[in-house]
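Everything below concerns the one structure shown next.
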Amino acid sequence: MTSYPRAPPARSFRLVCEPSAIPRVEALLRAQGYAFEPEPFSPFCRRLLGEPVPLGRSLAAFFGYIYIQDRSSMLPPLALAPAPGDAVLDMCASPGSKSGFLAQLVGREGFVLANEPNPARLATLRANLHACNLLQAGTCSFPGERLSLAPASWGHILLDPPCSGWGTAEKHPATLKLWREDKVGPLVSLQRRLLSRAASLLAPGGLVLYSTCTTNEAENEAQVRFAEEELGLLRVPLAPFPGFAWDERPGGEGTLRVDGARSQAQGFYLALLRAPGAYARAEAEAQPGDARRRAAPAGEPLPPAALAGPCCDPGRLPPGEPTLFGDKARFVPKIAPARLPPRFGWQAALLGRMDGGGAFAPAPRLRCLVPEGPQGGPGPQSLVLEEVAEVATLLEGRALQTGLSGREAALWWRDLPLGCIGLRKGRALAAFR
């Protein structure tokens with residue numbers, strides 16, 4: 001095999017916003033001195049060219065407008081390619097890189113169920129989805145091979161299972177020592193159990209995207225053969241994505257292997273598999289009896305008007321229903337209950353809290369519901385900051401005089417909403433978390 005000199009890995013990130021907001025998010029990044037260029041495979045993805053301070057400390061990252069992600073890791077959601085309004089199951093989801101991108105692709109009317117069995121990793125997954133304001137994403141925590149979902153009920157599944165991680169060896173050299181070839185047997189077995197469960201959950205004609213960040217054939221091409229020969233799934237050829245170099249190997253026809261050395265990225269493997277039959281969304285959504293009503297989380301429906309305030313316009317909610325769980329208001333997407341069995345344990349996206357007097361306090365970074373004025377842009381009860389230094393001042397815990405009355409105001413950087421700020425005698429006090 002020809003060897004190539006390895007270029008430094010490219011730093012990439014994903015814009016997490018509506019397409020119309022992309023220029024404003026890019027302006028925020030440039031105002032802090034970041035330089036970047038478009039990636040050729042998605043309008044949401046960028047390659048970092050210069051950073052005055054680590055990108056993770058940028059205002060765009062803090063307010064969930066970007067998500068730092070290896071460029072190879074961006075490909076599985078694009079390869080699965082759910083349509084707006086689709087429902088997608090991500091079986092092994094933390095830290096949420098792919099779940100978040102899937103939520104962007106299915107849009108406001110879709111639903112992503114992100115599963116993570118490990119409690120610590122589940123907390124990371126939930127924190128990342130919350131920071132990115134992805135109300136169409138819910139989470140659950142089950143061993144992926146024992147997910148208690150209805151058979152043949154999902155049209156789109158992403159399976160990025162635990163793997164040996166050989167494709168990340170440059171960034172994490174210890175992986176090659178930890179997962180020597182004679183040690184990957186348990187991983188191969190787990191991957192097959194997960195593939196088997198995914199196959200049982202696929203609706204007729206449904207798609208599962210299998211991906212790993214390893215270069216080990218036993219975890220890649222051999223698993224696709226297992227899915228075809230033992231599970232009856234059908235290989236769907238994937239077209240190469242622009243901007244990558246590919247490693248072609250025998251038995252990998254129709255699948256994709258990212259050549260990490262030539263792509264300035266992690267080594268990665270992708271295979272798209274289809275269940276036999278013809279897919280119909282209505283069939284995948286069908287549940288017996290009155291399960292559609294009973295499958296919602298066991299909370300109390302909350303009238304959208306109860307959320308209205310200077311920092312929250314309930315008219316900006318996606319299709320679905322605010323629901324109260326104790327003192328926490330969460331959002332249940334419209335199509336979620338139809339996808340889940342009765343009494344299925346899952347958690348919907350957090351909107352905020354109801355205080356003892358019945359007033360709603362939105363989560364500080366709930367920027368997606370910030371009210372706009374009649375002509376768009378900031379509404380009347382808004383603190384609009386023109387300089388990034390002013391935003392940084394708030395985040396450092398220093399107060400700003402606003403001239404506004406009341407207990408709270410929407411926070412904007414120019415024409416980009418950031419969230420909600422508390423007021424005390426007209427002074428803005430940040431309470432972000």
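For the structure tokens, the naming scheme is as follows: chains receive sequential letters (A, B, ...) according to their order of presentation, residues are indexed from 1 within each chain, and ligands are indexed from 1 in presentation order.
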
Report as a PyMOL selection string all protein, DNA and RNA residues lying within 7 Å of region 33-37 of chain A, evaluated on only C-alpha atoms, omitting residues in the same chain fewer than 6 positions from it. chain A and resi 46-52

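Distances here use only C-alpha atoms; by that measure, the residue among A:Glu229, A:Pro250, A:Phe13, A:Ala218 closest to Gly185 (chain A) is A:Ala218.
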
Taking the backbone alone, and naming residues the way the document does, which bits of region 82-326 of chain A are strand (DSSP E) by DSSP, as a PyMOL selection string? chain A and resi 87-90+111-115+137-140+154-159+202-212+234-236+256-258+268-274+300-301+320-325

Next, dump the selected residues to file, keeping only N, CA and C atoms, as a compact mmCIF listing (two decimals), in the first residue's frame.
```txt
# COMPACT_ATOMS: atom_id res chain seq x y z
N ALA A 87 -38.09 11.10 11.44
CA ALA A 87 -37.67 10.69 12.78
C ALA A 87 -36.45 9.79 12.64
N VAL A 88 -35.44 10.01 13.50
CA VAL A 88 -34.18 9.26 13.42
C VAL A 88 -33.82 8.76 14.81
N LEU A 89 -33.38 7.53 14.88
CA LEU A 89 -32.85 6.95 16.11
C LEU A 89 -31.33 6.90 16.01
N ASP A 90 -30.65 7.50 16.99
CA ASP A 90 -29.20 7.42 17.11
C ASP A 90 -28.92 6.49 18.29
N PHE A 111 -37.78 14.66 14.49
CA PHE A 111 -37.51 14.17 15.83
C PHE A 111 -36.28 13.27 15.78
N VAL A 112 -35.35 13.49 16.71
CA VAL A 112 -34.19 12.62 16.89
C VAL A 112 -34.22 12.07 18.30
N LEU A 113 -34.16 10.76 18.42
CA LEU A 113 -34.04 10.10 19.73
C LEU A 113 -32.60 9.65 19.87
N ALA A 114 -31.88 10.25 20.80
CA ALA A 114 -30.46 9.99 21.01
C ALA A 114 -30.29 9.11 22.25
N ASN A 115 -29.76 7.92 22.06
CA ASN A 115 -29.61 6.96 23.15
C ASN A 115 -28.15 6.87 23.60
N ALA A 137 -34.76 17.23 19.59
CA ALA A 137 -34.00 16.07 20.01
C ALA A 137 -34.38 15.67 21.43
N GLY A 138 -34.65 14.38 21.64
CA GLY A 138 -34.86 13.82 22.96
C GLY A 138 -33.79 12.79 23.26
N THR A 139 -33.66 12.39 24.52
CA THR A 139 -32.62 11.45 24.91
C THR A 139 -33.20 10.30 25.72
N CYS A 140 -32.51 9.17 25.69
CA CYS A 140 -32.86 8.03 26.54
C CYS A 140 -31.58 7.29 26.88
N TRP A 154 -38.83 2.28 12.81
CA TRP A 154 -37.97 3.42 12.49
C TRP A 154 -37.53 3.34 11.04
N GLY A 155 -37.65 4.45 10.35
CA GLY A 155 -37.23 4.51 8.96
C GLY A 155 -35.77 4.91 8.80
N HIS A 156 -35.18 5.55 9.83
CA HIS A 156 -33.78 6.00 9.77
C HIS A 156 -33.11 5.73 11.10
N ILE A 157 -31.98 5.01 11.07
CA ILE A 157 -31.21 4.70 12.27
C ILE A 157 -29.75 4.99 11.99
N LEU A 158 -29.11 5.66 12.93
CA LEU A 158 -27.66 5.83 12.88
C LEU A 158 -27.04 4.93 13.94
N LEU A 159 -26.12 4.09 13.53
CA LEU A 159 -25.39 3.21 14.46
C LEU A 159 -23.90 3.49 14.31
N LEU A 202 -35.81 -1.57 12.15
CA LEU A 202 -36.03 -0.91 10.87
C LEU A 202 -37.40 -1.26 10.28
N ALA A 203 -38.12 -0.22 9.86
CA ALA A 203 -39.33 -0.44 9.08
C ALA A 203 -38.95 -0.99 7.71
N PRO A 204 -39.87 -1.67 7.01
CA PRO A 204 -39.56 -2.12 5.65
C PRO A 204 -39.04 -0.97 4.79
N GLY A 205 -37.91 -1.20 4.16
CA GLY A 205 -37.30 -0.17 3.34
C GLY A 205 -36.52 0.88 4.12
N GLY A 206 -36.49 0.75 5.45
CA GLY A 206 -35.78 1.72 6.27
C GLY A 206 -34.27 1.60 6.11
N LEU A 207 -33.56 2.65 6.53
CA LEU A 207 -32.11 2.74 6.34
C LEU A 207 -31.38 2.80 7.67
N VAL A 208 -30.26 2.08 7.75
CA VAL A 208 -29.35 2.20 8.88
C VAL A 208 -27.98 2.59 8.33
N LEU A 209 -27.40 3.63 8.90
CA LEU A 209 -26.04 4.04 8.55
C LEU A 209 -25.12 3.50 9.63
N TYR A 210 -24.21 2.61 9.24
CA TYR A 210 -23.24 2.03 10.15
C TYR A 210 -21.92 2.75 9.94
N SER A 211 -21.32 3.25 11.03
CA SER A 211 -20.06 3.97 10.90
C SER A 211 -19.16 3.67 12.07
N THR A 212 -17.85 3.76 11.83
CA THR A 212 -16.86 3.61 12.89
C THR A 212 -15.72 4.59 12.63
N LEU A 234 -29.61 -4.96 2.93
CA LEU A 234 -29.11 -4.75 1.58
C LEU A 234 -28.18 -3.55 1.55
N ARG A 235 -27.04 -3.71 0.90
CA ARG A 235 -26.07 -2.62 0.80
C ARG A 235 -26.57 -1.55 -0.18
N VAL A 236 -26.54 -0.30 0.26
CA VAL A 236 -26.89 0.83 -0.60
C VAL A 236 -25.62 1.59 -0.92
N LEU A 256 -17.70 3.51 2.17
CA LEU A 256 -16.69 4.56 2.12
C LEU A 256 -15.72 4.43 3.29
N ARG A 257 -14.44 4.55 2.97
CA ARG A 257 -13.37 4.57 3.96
C ARG A 257 -12.59 5.87 3.82
N VAL A 258 -12.66 6.73 4.79
CA VAL A 258 -11.88 7.97 4.74
C VAL A 258 -10.41 7.64 4.96
N PHE A 268 -12.14 6.92 8.95
CA PHE A 268 -13.56 6.68 9.23
C PHE A 268 -14.11 5.71 8.21
N TYR A 269 -15.15 4.98 8.61
CA TYR A 269 -15.80 4.02 7.72
C TYR A 269 -17.31 4.24 7.76
N LEU A 270 -17.94 4.20 6.58
CA LEU A 270 -19.39 4.40 6.48
C LEU A 270 -20.00 3.36 5.54
N ALA A 271 -21.11 2.78 5.97
CA ALA A 271 -21.86 1.85 5.13
C ALA A 271 -23.35 2.11 5.35
N LEU A 272 -24.09 2.19 4.25
CA LEU A 272 -25.53 2.40 4.31
C LEU A 272 -26.23 1.10 3.95
N LEU A 273 -27.14 0.67 4.82
CA LEU A 273 -27.84 -0.61 4.65
C LEU A 273 -29.34 -0.38 4.70
N ARG A 274 -30.07 -1.14 3.90
CA ARG A 274 -31.52 -0.97 3.79
C ARG A 274 -32.23 -2.27 4.13
N GLU A 300 -47.31 17.04 32.75
CA GLU A 300 -48.57 17.78 32.67
C GLU A 300 -48.50 18.76 31.51
N PRO A 301 -49.42 18.67 30.55
CA PRO A 301 -49.39 19.62 29.43
C PRO A 301 -49.40 21.06 29.94
N GLY A 320 -45.44 20.76 18.39
CA GLY A 320 -45.31 19.92 19.57
C GLY A 320 -45.97 20.57 20.76
N GLU A 321 -45.61 20.10 21.97
CA GLU A 321 -46.33 20.53 23.17
C GLU A 321 -45.38 20.77 24.33
N PRO A 322 -45.39 21.98 24.92
CA PRO A 322 -44.67 22.17 26.18
C PRO A 322 -45.31 21.30 27.27
N THR A 323 -44.47 20.72 28.11
CA THR A 323 -44.95 19.79 29.13
C THR A 323 -44.19 20.05 30.42
N LEU A 324 -44.90 20.00 31.55
CA LEU A 324 -44.30 20.29 32.84
C LEU A 324 -43.99 19.00 33.58
N PHE A 325 -42.74 18.86 34.04
CA PHE A 325 -42.29 17.72 34.85
C PHE A 325 -41.74 18.29 36.16
```

If you count only C-alpha atoms, which residues fall within 10 Å of Leu15 (chain A), apart from same-chain ones fewer than 3 positions away, as an mmCIF file with C-alpha atoms, in the first residue's frame?
```
data_model
loop_
_atom_site.group_PDB
_atom_site.id
_atom_site.type_symbol
_atom_site.label_atom_id
_atom_site.label_comp_id
_atom_site.auth_asym_id
_atom_site.auth_seq_id
_atom_site.Cartn_x
_atom_site.Cartn_y
_atom_site.Cartn_z
ATOM 1 C CA GLU A 18 -31.078 28.240 10.561
ATOM 2 C CA PRO A 19 -29.542 28.888 7.130
ATOM 3 C CA ALA A 21 -28.659 33.090 10.434
ATOM 4 C CA ILE A 22 -25.379 31.757 9.016
ATOM 5 C CA VAL A 25 -23.009 33.683 13.236
ATOM 6 C CA GLU A 26 -20.024 34.011 10.936
ATOM 7 C CA PRO A 43 -23.345 24.351 3.812
ATOM 8 C CA PHE A 44 -23.267 24.050 7.622
ATOM 9 C CA CYS A 45 -19.618 22.962 7.912
ATOM 10 C CA ARG A 46 -16.473 25.085 8.114
ATOM 11 C CA ALA A 60 -20.308 31.313 19.251
ATOM 12 C CA ALA A 61 -19.386 28.075 21.024
ATOM 13 C CA GLY A 64 -24.353 26.963 20.989
ATOM 14 C CA TYR A 65 -24.072 28.489 17.531
ATOM 15 C CA ILE A 66 -21.166 26.221 16.571
ATOM 16 C CA TYR A 67 -20.160 22.657 17.399
ATOM 17 C CA ILE A 68 -16.503 21.637 17.065
ATOM 18 C CA PHE A 101 -26.345 17.280 13.027
ATOM 19 C CA GLN A 104 -30.496 20.039 12.066
ATOM 20 C CA CYS A 132 -27.324 23.979 20.740
#
```

Enumerate the residues of region 90-337 of chain A with a DSSP assignment of helix (DSSP H, G or I), computed from the backbone, and present them as a VMD selection string. chain A and resid 97 to 106 119 to 131 144 to 146 166 to 168 174 to 178 181 to 183 185 to 201 217 to 219 221 to 229 260 to 263 281 to 285 291 to 294 304 to 307 314 to 316 336 to 337

Nearest residue to Asn216 (chain A) out of A:Arg365, A:Arg30, A:Lys183, A:Arg197, using only C-alpha atoms?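 Smallest separation from Asn216 (chain A) among the options: A:Lys183.
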
Distance query Leu135 (chain A) at most 10 Å, only C-alpha atoms, self and fewer than 5 positions along chain excluded, as number ranges by chain: A: 103, 107-108, 110-112, 129-130, 317-318, 320, 330-333, 348-351, 366, 368

Within 12 Å of Glu248 (chain A) using only C-alpha atoms, minus same-chain residues under 4 positions, as a PyMOL selection string: chain A and resi 1+215+217+221+240+252-259+269

Nearest to Glu145 (chain A) among A:Met91, A:Ala428, A:Cys163, A:Ala306, with distances taken over only C-alpha atoms: which residue is it?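 Looking at the shortest contact to Glu145 (chain A), the residue is A:Met91.
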
Counting only C-alpha atoms, the option among A:Asp70, A:Glu116, A:Glu228, A:Glu372 closest to Arg316 (chain A):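 The answer is A:Glu372, which sits nearest to Arg316 (chain A).
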
Could you pull the residues within 6 Å of Arg414 (chain A), counting only C-alpha atoms, minus those fewer than 2 positions along the same chain, as a PyMOL selection string? chain A and resi 384-386+412+416

Under the rule that only C-alpha atoms are counted, which of A:Cys213, A:Ala93, A:Ala305, A:Leu102 is the nearest residue to Gly267 (chain A)?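 Ranked by minimum distance to Gly267 (chain A), first place goes to A:Cys213.
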
Computed interatomic separation between CA of Pro314 (chain A) and CA of Val370 (chain A) (Å):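 According to the coordinates, CA of Pro314 (chain A) and CA of Val370 (chain A) are separated by 9.1 Å.
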
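Between CA of Ser94 (chain A) and CA of Arg367 (chain A) lies a distance of 23.0 Å.
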